[in-house]
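Colleague: The structure file my_file.cif (mmCIF, C-alpha atoms) is provided below.
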data_my_file
loop_
_atom_site.label_atom_id
_atom_site.label_comp_id
_atom_site.auth_asym_id
_atom_site.auth_seq_id
_atom_site.Cartn_x
_atom_site.Cartn_y
_atom_site.Cartn_z
CA MET A 1 18.41 -17.77 -12.79
CA MET A 2 17.55 -15.07 -10.32
CA GLY A 3 14.64 -15.80 -8.10
CA LEU A 4 12.97 -15.10 -4.81
CA ILE A 5 11.85 -17.01 -1.77
CA GLY A 6 8.13 -16.60 -1.18
CA LYS A 7 5.07 -17.89 0.57
CA LYS A 8 1.98 -19.19 -1.15
CA VAL A 9 -1.00 -17.20 0.05
CA GLY A 10 -3.75 -18.95 -1.88
CA MET A 11 -5.72 -18.87 -5.07
CA THR A 12 -8.36 -16.55 -6.42
CA GLN A 13 -9.53 -15.30 -9.78
CA LEU A 14 -9.31 -12.13 -11.81
CA PHE A 15 -11.09 -10.73 -14.83
CA ASP A 16 -8.85 -9.99 -17.81
CA GLU A 17 -9.41 -7.26 -20.43
CA LYS A 18 -11.76 -9.48 -22.39
CA GLY A 19 -13.88 -10.15 -19.34
CA ASP A 20 -12.71 -13.75 -19.10
CA ILE A 21 -11.87 -15.18 -15.70
CA ILE A 22 -8.30 -16.24 -15.13
CA PRO A 23 -7.27 -18.40 -12.16
CA VAL A 24 -4.34 -16.94 -10.23
CA THR A 25 -2.19 -17.90 -7.27
CA VAL A 26 -1.13 -15.15 -4.90
CA ILE A 27 2.48 -15.48 -3.74
CA GLU A 28 3.94 -13.28 -1.05
CA ALA A 29 7.32 -12.59 -2.68
CA GLY A 30 9.99 -11.80 -0.18
CA PRO A 31 11.20 -9.33 0.97
CA CYS A 32 14.45 -11.27 0.73
CA THR A 33 17.80 -10.15 2.05
CA VAL A 34 20.99 -10.90 0.20
CA THR A 35 23.00 -12.83 2.76
CA GLU A 36 25.92 -13.84 0.58
CA VAL A 37 27.25 -13.15 -2.91
CA ARG A 38 29.21 -15.90 -4.61
CA SER A 39 31.73 -14.84 -7.23
CA PRO A 40 33.80 -16.90 -9.68
CA GLU A 41 37.03 -15.52 -8.22
CA ARG A 42 36.30 -16.63 -4.68
CA ASP A 43 33.82 -19.48 -4.98
CA GLY A 44 34.25 -20.70 -8.53
CA TYR A 45 30.69 -19.80 -9.55
CA SER A 46 28.24 -16.91 -9.48
CA ALA A 47 25.24 -16.95 -7.20
CA VAL A 48 23.35 -14.97 -4.60
CA GLN A 49 22.16 -16.42 -1.34
CA LEU A 50 18.86 -15.00 -0.14
CA GLY A 51 17.29 -15.07 3.29
CA PHE A 52 13.57 -14.86 4.00
CA GLY A 53 11.50 -14.65 7.16
CA THR A 54 12.55 -14.36 10.78
CA ASN A 55 12.87 -16.67 13.71
CA LYS A 56 14.04 -16.28 17.27
CA GLU A 57 17.75 -16.55 17.90
CA SER A 58 17.48 -19.72 19.98
CA ARG A 59 16.32 -21.55 16.85
CA PHE A 60 19.70 -21.11 15.18
CA THR A 61 22.98 -22.85 15.83
CA ARG A 62 25.82 -20.74 17.16
CA PRO A 63 27.93 -21.11 14.00
CA LEU A 64 25.02 -20.01 11.81
CA LEU A 65 24.25 -17.07 14.08
CA GLY A 66 27.89 -16.07 13.82
CA GLN A 67 27.53 -15.86 10.05
CA TYR A 68 24.64 -13.43 10.43
CA LYS A 69 26.48 -11.42 13.10
CA LYS A 70 29.50 -11.09 10.82
CA ARG A 71 27.30 -9.55 8.13
CA ASN A 72 25.28 -7.46 10.59
CA LEU A 73 22.02 -9.05 9.46
CA PRO A 74 19.05 -10.34 11.45
CA PRO A 75 18.93 -14.14 11.21
CA SER A 76 16.50 -15.30 8.54
CA ARG A 77 14.46 -18.46 8.74
CA HIS A 78 14.97 -19.68 5.20
CA LEU A 79 18.06 -19.52 3.02
CA LYS A 80 18.32 -20.34 -0.66
CA GLU A 81 21.02 -19.84 -3.22
CA PHE A 82 20.15 -18.84 -6.77
CA ARG A 83 22.83 -19.35 -9.40
CA ILE A 84 23.04 -16.44 -11.81
CA ALA A 85 25.28 -15.52 -14.71
CA ASP A 86 26.71 -12.41 -13.07
CA SER A 87 26.47 -11.70 -9.36
CA SER A 88 28.61 -8.55 -9.33
CA GLY A 89 25.57 -6.24 -9.09
CA PHE A 90 24.52 -7.53 -5.67
CA GLN A 91 25.71 -6.62 -2.20
CA VAL A 92 25.21 -8.34 1.10
CA GLY A 93 22.36 -6.70 3.00
CA GLN A 94 20.48 -5.62 -0.09
CA THR A 95 16.71 -6.24 -0.06
CA ILE A 96 14.97 -7.83 -3.02
CA LYS A 97 11.22 -7.62 -3.37
CA ALA A 98 8.42 -8.47 -5.76
CA GLU A 99 9.58 -5.84 -8.30
CA LEU A 100 12.11 -8.40 -9.46
CA PHE A 101 9.30 -9.73 -11.62
CA ALA A 102 7.24 -7.88 -14.18
CA LYS A 103 3.76 -8.45 -15.51
CA GLY A 104 3.78 -10.62 -18.63
CA GLU A 105 7.00 -12.41 -17.69
CA TYR A 106 7.18 -16.17 -17.29
CA VAL A 107 8.50 -17.83 -14.15
CA ASP A 108 9.10 -21.27 -12.68
CA VAL A 109 7.70 -21.96 -9.23
CA ARG A 110 9.14 -24.69 -7.04
CA GLY A 111 7.65 -26.01 -3.82
CA VAL A 112 6.84 -29.11 -1.84
CA THR A 113 3.54 -30.72 -2.81
CA LYS A 114 0.87 -31.49 -0.25
CA GLY A 115 1.44 -34.87 1.37
CA ARG A 116 -1.27 -37.35 0.40
CA GLY A 117 -0.16 -40.17 2.68
CA PHE A 118 -0.47 -43.76 1.49
CA ALA A 119 -2.43 -43.33 -1.70
CA GLY A 120 -3.99 -45.91 -3.97
CA VAL A 121 -3.23 -46.43 -7.57
CA VAL A 122 -6.10 -44.34 -8.90
CA LYS A 123 -5.06 -41.18 -7.09
CA ARG A 124 -1.31 -41.81 -7.27
CA HIS A 125 -0.88 -42.95 -10.85
CA GLY A 126 -4.13 -42.01 -12.52
CA PHE A 127 -5.32 -45.58 -13.09
CA VAL A 128 -8.91 -45.91 -14.21
CA ALA A 129 -11.24 -47.27 -11.54
CA GLY A 130 -13.86 -49.89 -12.18
CA HIS A 131 -17.43 -48.92 -12.88
CA ALA A 132 -19.21 -47.78 -9.75
CA SER A 133 -22.54 -49.31 -10.67
CA HIS A 134 -23.93 -52.00 -13.00
CA GLY A 135 -22.39 -54.93 -11.16
CA PRO A 136 -18.57 -55.07 -11.33
CA THR A 137 -16.77 -55.45 -8.00
CA PHE A 138 -13.40 -54.17 -9.18
CA GLY A 139 -13.46 -50.83 -7.34
CA LYS A 140 -10.11 -49.05 -7.21
CA GLN A 141 -7.85 -52.12 -7.16
CA PRO A 142 -4.56 -52.05 -9.09
CA GLY A 143 -5.43 -55.23 -11.02
CA SER A 144 -2.92 -57.80 -12.17
CA ILE A 145 0.67 -56.81 -11.45
CA GLY A 146 2.39 -59.22 -13.80
CA SER A 147 2.47 -62.61 -15.49
CA SER A 148 2.97 -66.07 -13.95
CA ALA A 149 5.84 -68.63 -14.17
CA TYR A 150 7.78 -66.32 -16.42
CA PRO A 151 9.15 -63.97 -15.11
CA SER A 152 8.00 -65.19 -11.66
CA ARG A 153 8.52 -61.76 -10.20
CA VAL A 154 7.06 -58.29 -10.40
CA ILE A 155 9.01 -56.06 -12.77
CA LYS A 156 10.82 -53.15 -11.17
CA GLY A 157 9.11 -49.80 -11.37
CA LYS A 158 5.61 -51.32 -11.43
CA ARG A 159 3.26 -48.57 -10.38
CA LEU A 160 1.62 -49.57 -7.12
CA PRO A 161 0.05 -47.86 -4.10
CA GLY A 162 2.36 -46.00 -1.73
CA ARG A 163 3.34 -42.67 -0.28
CA MET A 164 2.28 -39.77 -2.44
CA GLY A 165 3.07 -36.08 -2.27
CA GLY A 166 5.47 -34.23 -0.03
CA VAL A 167 8.05 -34.06 -2.79
CA ASN A 168 9.68 -31.15 -4.58
CA LEU A 169 7.87 -30.10 -7.71
CA THR A 170 8.63 -27.33 -10.17
CA ILE A 171 5.86 -25.86 -12.27
CA LYS A 172 7.47 -24.29 -15.30
CA ASN A 173 6.37 -21.42 -17.49
CA LEU A 174 3.78 -19.73 -15.32
CA GLU A 175 2.68 -16.34 -16.55
CA VAL A 176 3.06 -13.43 -14.14
CA VAL A 177 -0.35 -11.78 -14.21
CA GLY A 178 0.36 -9.00 -11.74
CA VAL A 179 2.93 -7.60 -9.36
CA ASP A 180 2.16 -5.38 -6.38
CA SER A 181 5.28 -3.77 -5.01
CA GLU A 182 3.45 -2.04 -2.18
CA GLN A 183 1.96 -5.14 -0.61
CA ASN A 184 4.76 -7.21 -2.08
CA TYR A 185 2.96 -9.99 -3.86
CA VAL A 186 3.10 -11.66 -7.26
CA LEU A 187 0.15 -13.15 -9.10
CA VAL A 188 0.83 -16.11 -11.37
CA ARG A 189 -1.63 -17.83 -13.67
CA GLY A 190 -2.62 -21.28 -12.48
CA ALA A 191 -1.81 -23.47 -9.53
CA ILE A 192 1.50 -24.01 -7.72
CA PRO A 193 2.61 -26.83 -5.41
CA GLY A 194 1.96 -26.87 -1.69
CA PRO A 195 -0.59 -25.66 0.82
CA PRO A 196 -1.34 -22.02 1.68
CA ASN A 197 1.56 -20.61 3.74
CA GLY A 198 3.88 -23.12 2.08
CA LEU A 199 7.39 -22.06 1.13
CA VAL A 200 7.99 -21.62 -2.60
CA TYR A 201 10.84 -20.47 -4.80
CA ILE A 202 9.94 -18.24 -7.73
CA GLN A 203 12.53 -18.23 -10.44
CA LYS A 204 12.89 -16.29 -13.67
CA ARG A 205 12.91 -18.35 -16.86
CA GLU A 206 16.24 -19.12 -18.48
CA GLY A 207 17.19 -16.94 -21.41
CA MET B 1 -8.44 -8.21 5.93
CA GLY B 2 -6.70 -11.02 4.14
CA LEU B 3 -4.63 -10.33 1.09
CA ILE B 4 -6.85 -12.44 -1.14
CA GLN B 5 -9.95 -10.57 0.00
CA LYS B 6 -8.22 -7.29 -0.80
CA ILE B 7 -7.32 -8.44 -4.28
CA GLU B 8 -10.86 -9.62 -4.89
CA ASN B 9 -12.34 -6.38 -3.64
CA THR B 10 -10.48 -4.43 -6.32
CA GLN B 11 -12.44 -6.43 -8.91
CA LEU B 12 -15.87 -5.63 -7.54
CA LYS B 13 -18.23 -3.20 -9.20
CA SER B 14 -20.01 -0.72 -7.00
CA ASP B 15 -23.11 -0.17 -9.13
CA VAL B 16 -24.48 -3.71 -9.15
CA PRO B 17 -28.26 -3.72 -8.68
CA ASP B 18 -29.93 -5.90 -6.09
CA LEU B 19 -31.04 -8.95 -8.05
CA ARG B 20 -33.40 -11.60 -6.77
CA PRO B 21 -35.00 -14.64 -8.34
CA GLY B 22 -37.82 -13.39 -10.52
CA THR B 23 -36.34 -9.97 -11.18
CA THR B 24 -36.94 -8.89 -14.78
CA VAL B 25 -33.72 -7.43 -16.12
CA GLU B 26 -32.24 -6.11 -19.31
CA VAL B 27 -28.54 -6.92 -19.44
CA SER B 28 -26.29 -5.01 -21.82
CA VAL B 29 -23.41 -7.22 -22.80
CA ARG B 30 -20.28 -5.98 -24.52
CA VAL B 31 -19.63 -7.99 -27.66
CA VAL B 32 -16.25 -7.67 -29.37
CA GLU B 33 -16.33 -8.15 -33.12
CA GLY B 34 -12.94 -7.78 -34.70
CA ASP B 35 -11.71 -4.41 -33.44
CA LYS B 36 -15.18 -3.04 -32.70
CA THR B 37 -17.22 -3.38 -29.56
CA ARG B 38 -20.96 -3.17 -29.52
CA GLN B 39 -23.59 -3.85 -26.91
CA GLN B 40 -26.13 -6.59 -27.06
CA LYS B 41 -29.23 -6.61 -24.90
CA PHE B 42 -30.62 -9.68 -23.22
CA LYS B 43 -33.95 -9.35 -21.47
CA GLY B 44 -35.53 -11.92 -19.19
CA GLU B 45 -36.07 -13.13 -15.66
CA VAL B 46 -33.36 -13.98 -13.16
CA THR B 47 -33.68 -17.68 -12.39
CA ASN B 48 -30.56 -18.37 -10.36
CA ILE B 49 -28.10 -16.47 -8.20
CA ARG B 50 -25.13 -18.24 -6.70
CA GLY B 51 -21.79 -17.52 -5.11
CA ALA B 52 -20.62 -14.49 -3.21
CA GLY B 53 -18.18 -11.66 -3.68
CA MET B 54 -16.51 -11.62 -7.06
CA ARG B 55 -17.59 -15.21 -7.73
CA LYS B 56 -21.28 -14.30 -7.64
CA THR B 57 -23.09 -15.22 -10.83
CA PHE B 58 -26.63 -14.82 -12.06
CA THR B 59 -28.66 -16.56 -14.74
CA VAL B 60 -31.24 -14.87 -16.95
CA ARG B 61 -33.88 -16.86 -18.81
CA LYS B 62 -35.93 -15.68 -21.73
CA ILE B 63 -38.05 -17.26 -24.43
CA SER B 64 -36.60 -16.49 -27.82
CA GLU B 65 -38.77 -17.49 -30.78
CA GLY B 66 -40.38 -20.22 -28.73
CA ILE B 67 -37.12 -21.61 -27.43
CA GLY B 68 -35.95 -21.07 -23.89
CA VAL B 69 -32.54 -19.39 -23.67
CA GLU B 70 -30.53 -18.99 -20.49
CA ARG B 71 -27.32 -17.08 -20.02
CA THR B 72 -25.14 -16.93 -16.93
CA TRP B 73 -22.63 -14.21 -16.14
CA PRO B 74 -20.41 -13.29 -13.22
CA ILE B 75 -22.25 -10.30 -11.82
CA HIS B 76 -19.03 -8.26 -11.58
CA SER B 77 -17.84 -9.18 -15.07
CA PRO B 78 -16.40 -6.25 -17.03
CA SER B 79 -18.17 -7.54 -20.14
CA ILE B 80 -21.47 -6.52 -18.62
CA ALA B 81 -22.04 -2.87 -19.41
CA ASP B 82 -25.29 -2.41 -17.59
CA ILE B 83 -28.00 -4.31 -15.73
CA LYS B 84 -31.36 -2.57 -15.86
CA VAL B 85 -34.02 -3.73 -13.41
CA LEU B 86 -37.46 -3.67 -15.05
CA GLY B 87 -39.65 -5.37 -12.48
CA GLN B 88 -40.08 -8.12 -9.98
CA LYS B 89 -42.15 -11.27 -10.39
CA GLN B 90 -43.80 -13.06 -7.53
CA VAL B 91 -41.78 -16.20 -6.83
CA ARG B 92 -41.67 -18.65 -3.94
CA ARG B 93 -38.30 -20.28 -4.41
CA ALA B 94 -34.66 -19.33 -4.78
CA LYS B 95 -34.01 -21.22 -8.04
CA LEU B 96 -36.56 -21.06 -10.83
CA PHE B 97 -35.38 -24.17 -12.64
CA TYR B 98 -38.94 -25.54 -12.78
CA LEU B 99 -39.61 -23.03 -15.56
CA ARG B 100 -37.52 -25.19 -17.88
CA LYS B 101 -40.20 -27.85 -17.89
CA LYS B 102 -43.08 -25.46 -18.38
CA LYS B 103 -44.28 -24.13 -21.70
CA GLY B 104 -46.43 -21.26 -22.84
CA LYS B 105 -49.00 -20.08 -20.33
CA ALA B 106 -47.74 -22.37 -17.58
CA ALA B 107 -44.34 -20.69 -17.69
CA ARG B 108 -45.72 -17.28 -16.82
CA LEU B 109 -44.88 -15.60 -13.55
CA LYS B 110 -47.14 -13.18 -11.71
CA GLU B 111 -46.01 -9.61 -11.30
CA LYS B 112 -45.24 -8.95 -7.68
CA ALA B 113 -47.80 -6.67 -6.07
CA LEU B 114 -46.39 -3.47 -4.72
CA PRO B 115 -46.59 -3.16 -0.96
CA GLY B 116 -49.89 -1.62 0.08
CA GLU B 117 -51.94 -2.65 -2.97
CA SER B 118 -51.96 -6.36 -2.27
CA GLY B 119 -55.54 -7.63 -2.15
CA ALA B 120 -56.69 -4.95 0.29
CA LYS B 121 -60.14 -4.67 -1.20
#
As a first step, turn the structure in this file into structure tokens.
Modeller:
Amino acid sequence: MMGLIGKKVGMTQLFDEKGDIIPVTVIEAGPCTVTEVRSPERDGYSAVQLGFGTNKESRFTRPLLGQYKKRNLPPSRHLKEFRIADSSGFQVGQTIKAELFAKGEYVDVRGVTKGRGFAGVVKRHGFVAGHASHGPTFGKQPGSIGSSAYPSRVIKGKRLPGRMGGVNLTIKNLEVVGVDSEQNYVLVRGAIPGPPNGLVYIQKREG
Amino acid sequence: MGLIQKIENTQLKSDVPDLRPGTTVEVSVRVVEGDKTRQQKFKGEVTNIRGAGMRKTFTVRKISEGIGVERTWPIHSPSIADIKVLGQKQVRRAKLFYLRKKKGKAARLKEKALPGESGAK
């Protein structure tokens, strides 16, 4: 589905009509440039490729720069293709901004989660830690990881400590609480992956 | 100014009175009942103020039929119709939580003397 490349700005809160507080994430949505339109005739599928952000020319490879030159576009830092049902309405060079989304709509937001480094089993898998007081010395250990002579090995997929975070994560069905076309931002209810200034993809819901 | 600050500033009310611990206030709260809205008054002393900007909240304590009642609101909440300042009590700390343990006469606060009249006899 159609989407946008954006940047997470951070979280804040708003009052709704009832006076209740709703948590929102501010996402700088675009402006994105259409850098390529894929059509079934030429490419076998429909999609638009969007570019977002700028970078100096020396950061790009010559072949990639050539692609931008051919289309008469400034090179953009990030590129992302969004598959859509019908791409015939888009032209290369067109700018897409936050107006793509409307208040009350639902979107999916995809980003890379914050890296947590080598994390223990409590943080990484939600194991319950031992009691902090009253004597036990169990702490945050993983506990027993299997039986003895049979099967004589640890079963595959056993949840253990290790690297956590820094992976792609999609949060589905976030409500769009507000759209500001002037300052080009979108407000969604709740949290999204990644740190402030992190790159995110906002995508319309299917159907 | 950061974008988040700008968004928060649009939520702020301009007519918020200067509240301090010990301020006697009458808060008019909008109460929605079915499709009707009415206002309910809550009168007492401010015992706690915390946060800043649109996250600032205040707590009002009153004694209702012998039972202490405290309510906390975000100071910029749209469900607050009005905050009327009725007076200022003399207090020596920022949080008046000690009142929770006091009863009857011990839970009274002294009215703050107006500048100029204080003990100049």
Colleague: What residues have an atom no more than 10 Å from (22.6, -14.5, 8.8) in the file's own frame, counting only C-alpha atoms, and can you write them as an NGL selection string?
Modeller: :A and (33-36 or 50-51 or 60 or 63-79 or 93)
Colleague: Decode the PyMOL selection byres ((chain B and resi 61-71) around 6) for the given file into explicit residues and return them as a list of chain:residue names.
Modeller: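 That expression, the PyMOL selection byres ((chain B and resi 61-71) around 6), corresponds here to B:Gly44, B:Glu45, B:Thr59, B:Val60, B:Thr72.
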Colleague: Residues of chain A within 12 Å of chain B, counting all atoms listed in the file, what are they? List them as a VMD selection string.
Modeller: chain A and resid 8 to 28 178 to 180 183 to 187 196
Colleague: Convert the current residue selection to file output with C-alpha atoms, as a PDB file, in the frame of the given file.
Modeller:
ATOM      1  CA  LYS A   8       1.980 -19.190  -1.150  1.00  0.00           C
ATOM      2  CA  VAL A   9      -1.000 -17.200   0.050  1.00  0.00           C
ATOM      3  CA  GLY A  10      -3.750 -18.950  -1.880  1.00  0.00           C
ATOM      4  CA  MET A  11      -5.720 -18.870  -5.070  1.00  0.00           C
ATOM      5  CA  THR A  12      -8.360 -16.550  -6.420  1.00  0.00           C
ATOM      6  CA  GLN A  13      -9.530 -15.300  -9.780  1.00  0.00           C
ATOM      7  CA  LEU A  14      -9.310 -12.130 -11.810  1.00  0.00           C
ATOM      8  CA  PHE A  15     -11.090 -10.730 -14.830  1.00  0.00           C
ATOM      9  CA  ASP A  16      -8.850  -9.990 -17.810  1.00  0.00           C
ATOM     10  CA  GLU A  17      -9.410  -7.260 -20.430  1.00  0.00           C
ATOM     11  CA  LYS A  18     -11.760  -9.480 -22.390  1.00  0.00           C
ATOM     12  CA  GLY A  19     -13.880 -10.150 -19.340  1.00  0.00           C
ATOM     13  CA  ASP A  20     -12.710 -13.750 -19.100  1.00  0.00           C
ATOM     14  CA  ILE A  21     -11.870 -15.180 -15.700  1.00  0.00           C
ATOM     15  CA  ILE A  22      -8.300 -16.240 -15.130  1.00  0.00           C
ATOM     16  CA  PRO A  23      -7.270 -18.400 -12.160  1.00  0.00           C
ATOM     17  CA  VAL A  24      -4.340 -16.940 -10.230  1.00  0.00           C
ATOM     18  CA  THR A  25      -2.190 -17.900  -7.270  1.00  0.00           C
ATOM     19  CA  VAL A  26      -1.130 -15.150  -4.900  1.00  0.00           C
ATOM     20  CA  ILE A  27       2.480 -15.480  -3.740  1.00  0.00           C
ATOM     21  CA  GLU A  28       3.940 -13.280  -1.050  1.00  0.00           C
ATOM     22  CA  GLY A 178       0.360  -9.000 -11.740  1.00  0.00           C
ATOM     23  CA  VAL A 179       2.930  -7.600  -9.360  1.00  0.00           C
ATOM     24  CA  ASP A 180       2.160  -5.380  -6.380  1.00  0.00           C
ATOM     25  CA  GLN A 183       1.960  -5.140  -0.610  1.00  0.00           C
ATOM     26  CA  ASN A 184       4.760  -7.210  -2.080  1.00  0.00           C
ATOM     27  CA  TYR A 185       2.960  -9.990  -3.860  1.00  0.00           C
ATOM     28  CA  VAL A 186       3.100 -11.660  -7.260  1.00  0.00           C
ATOM     29  CA  LEU A 187       0.150 -13.150  -9.100  1.00  0.00           C
ATOM     30  CA  PRO A 196      -1.340 -22.020   1.680  1.00  0.00           C
TER      31      PRO A 196
END
Colleague: Report as a list in words the full result of the PyMOL selection byres ((chain A and resi 141) around 9) when it is applied to this structure.
Modeller: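 Here the PyMOL selection byres ((chain A and resi 141) around 9) matches Gly120, Val121, Val122, Ala129, Gly130, Phe138, Gly139, Lys140, Pro142 and Gly143 of chain A.
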Colleague: Residues at most 6 Å from segment 188-195 of chain A, counting all atoms listed in the file, excluding those fewer than 5 positions away in the same chain, as a count of residues only?
Modeller: 11
Colleague: Pick out the residues sitting within 12 Å of segment 87-90 of chain A, and hand them over as a list of chain:residue names; count all atoms listed in the file, and ignore anything fewer than 3 positions along from it in its own chain.
Modeller: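 The residues that qualify are A:Met1, A:Met2, A:Thr33, A:Val34, A:Thr35, A:Glu36, A:Val37, A:Arg38, A:Ser39, A:Pro40, A:Glu41, A:Arg42, A:Asp43, A:Gly44, A:Tyr45, A:Ser46, A:Ala47, A:Val48, A:Gln49, A:Leu50, A:Glu81, A:Phe82, A:Arg83, A:Ile84, A:Gly93, A:Gln94, A:Thr95, A:Ile96.
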Colleague: Once 3 Å is added on each side, what centre and edge lengths in Å to one decimal does the axis-aligned box around all listed atoms of segment 179-188 of chain A have, as lines of an AutoDock Vina configuration file?
Modeller:
center_x = 2.7
center_y = -9.1
center_z = -6.0
size_x = 11.1
size_y = 20.1
size_z = 16.8
Colleague: Could you write out as a ChimeraX atom specification the residues that the PyMOL selection byres ((chain B and resi 82-84) around 12) matches in the shown file?
Modeller: /B:13-19,23-30,39-46,58,60,73,75-81,85-88
Colleague: Can you tell me, as a ChimeraX atom specification, what residues are no more than 6 Å from Met164 of chain A when counting all atoms listed in the file, ignoring any on the same chain fewer than 4 positions away?
Modeller: /A:116-117,119
Colleague: What does the structure give for the distance between atom CA of Lys101 of chain B and atom CA of Thr47 of chain B, in Å to one decimal?
Modeller: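 Atom CA of Thr47 of chain B lies at a distance of 13.3 Å from atom CA of Lys101 of chain B.
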Colleague: Rounded to one decimal in Å, what is the spacing between atom CA of Asp108 of chain A and atom CA of Gly165 of chain A?
Modeller: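 Separation between atom CA of Asp108 of chain A and atom CA of Gly165 of chain A: 19.1 Å.
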Colleague: Step by step: locate segment 5-19 of chain A in the block above, keep N, CA, C and O atoms, then write the file as a PDB file, in the first residue's frame.
Modeller:
ATOM      1  N   ILE A   5       8.130   7.900   3.424  1.00  0.00           N
ATOM      2  CA  ILE A   5       9.313   7.762   4.263  1.00  0.00           C
ATOM      3  C   ILE A   5       9.298   8.942   5.228  1.00  0.00           C
ATOM      4  O   ILE A   5       8.994  10.072   4.839  1.00  0.00           O
ATOM      5  N   GLY A   6       9.572   8.689   6.491  1.00  0.00           N
ATOM      6  CA  GLY A   6       9.519   9.775   7.466  1.00  0.00           C
ATOM      7  C   GLY A   6      10.595   9.643   8.511  1.00  0.00           C
ATOM      8  O   GLY A   6      11.420   8.727   8.488  1.00  0.00           O
ATOM      9  N   LYS A   7      10.563  10.586   9.429  1.00  0.00           N
ATOM     10  CA  LYS A   7      11.539  10.619  10.506  1.00  0.00           C
ATOM     11  C   LYS A   7      10.781  10.760  11.811  1.00  0.00           C
ATOM     12  O   LYS A   7       9.915  11.626  11.940  1.00  0.00           O
ATOM     13  N   LYS A   8      11.106   9.900  12.763  1.00  0.00           N
ATOM     14  CA  LYS A   8      10.455  10.020  14.069  1.00  0.00           C
ATOM     15  C   LYS A   8      10.999  11.253  14.776  1.00  0.00           C
ATOM     16  O   LYS A   8      12.201  11.431  14.882  1.00  0.00           O
ATOM     17  N   VAL A   9      10.105  12.098  15.238  1.00  0.00           N
ATOM     18  CA  VAL A   9      10.545  13.305  15.935  1.00  0.00           C
ATOM     19  C   VAL A   9      10.573  13.053  17.434  1.00  0.00           C
ATOM     20  O   VAL A   9      11.506  13.432  18.135  1.00  0.00           O
ATOM     21  N   GLY A  10       9.539  12.396  17.935  1.00  0.00           N
ATOM     22  CA  GLY A  10       9.477  12.114  19.361  1.00  0.00           C
ATOM     23  C   GLY A  10       8.042  11.974  19.798  1.00  0.00           C
ATOM     24  O   GLY A  10       7.134  12.021  18.981  1.00  0.00           O
ATOM     25  N   MET A  11       7.858  11.806  21.088  1.00  0.00           N
ATOM     26  CA  MET A  11       6.504  11.595  21.594  1.00  0.00           C
ATOM     27  C   MET A  11       6.059  12.763  22.457  1.00  0.00           C
ATOM     28  O   MET A  11       6.860  13.474  23.043  1.00  0.00           O
ATOM     29  N   THR A  12       4.760  12.956  22.493  1.00  0.00           N
ATOM     30  CA  THR A  12       4.179  13.960  23.372  1.00  0.00           C
ATOM     31  C   THR A  12       2.762  13.503  23.688  1.00  0.00           C
ATOM     32  O   THR A  12       2.425  12.342  23.498  1.00  0.00           O
ATOM     33  N   GLN A  13       1.941  14.407  24.197  1.00  0.00           N
ATOM     34  CA  GLN A  13       0.563  14.025  24.468  1.00  0.00           C
ATOM     35  C   GLN A  13      -0.375  15.135  24.063  1.00  0.00           C
ATOM     36  O   GLN A  13       0.007  16.288  23.955  1.00  0.00           O
ATOM     37  N   LEU A  14      -1.617  14.741  23.800  1.00  0.00           N
ATOM     38  CA  LEU A  14      -2.643  15.707  23.403  1.00  0.00           C
ATOM     39  C   LEU A  14      -3.884  15.447  24.236  1.00  0.00           C
ATOM     40  O   LEU A  14      -4.105  14.344  24.709  1.00  0.00           O
ATOM     41  N   PHE A  15      -4.721  16.471  24.354  1.00  0.00           N
ATOM     42  CA  PHE A  15      -6.038  16.276  24.953  1.00  0.00           C
ATOM     43  C   PHE A  15      -7.026  15.970  23.833  1.00  0.00           C
ATOM     44  O   PHE A  15      -6.997  16.617  22.794  1.00  0.00           O
ATOM     45  N   ASP A  16      -7.909  14.991  24.041  1.00  0.00           N
ATOM     46  CA  ASP A  16      -8.950  14.776  23.038  1.00  0.00           C
ATOM     47  C   ASP A  16     -10.203  15.547  23.437  1.00  0.00           C
ATOM     48  O   ASP A  16     -10.200  16.314  24.402  1.00  0.00           O
ATOM     49  N   GLU A  17     -11.306  15.347  22.689  1.00  0.00           N
ATOM     50  CA  GLU A  17     -12.523  16.141  22.927  1.00  0.00           C
ATOM     51  C   GLU A  17     -13.052  15.916  24.339  1.00  0.00           C
ATOM     52  O   GLU A  17     -13.637  16.798  24.955  1.00  0.00           O
ATOM     53  N   LYS A  18     -12.863  14.700  24.838  1.00  0.00           N
ATOM     54  CA  LYS A  18     -13.393  14.392  26.165  1.00  0.00           C
ATOM     55  C   LYS A  18     -12.522  14.952  27.280  1.00  0.00           C
ATOM     56  O   LYS A  18     -12.889  14.898  28.445  1.00  0.00           O
ATOM     57  N   GLY A  19     -11.349  15.444  26.924  1.00  0.00           N
ATOM     58  CA  GLY A  19     -10.437  15.938  27.941  1.00  0.00           C
ATOM     59  C   GLY A  19      -9.464  14.868  28.390  1.00  0.00           C
ATOM     60  O   GLY A  19      -8.674  15.092  29.292  1.00  0.00           O
TER      61      GLY A  19
END
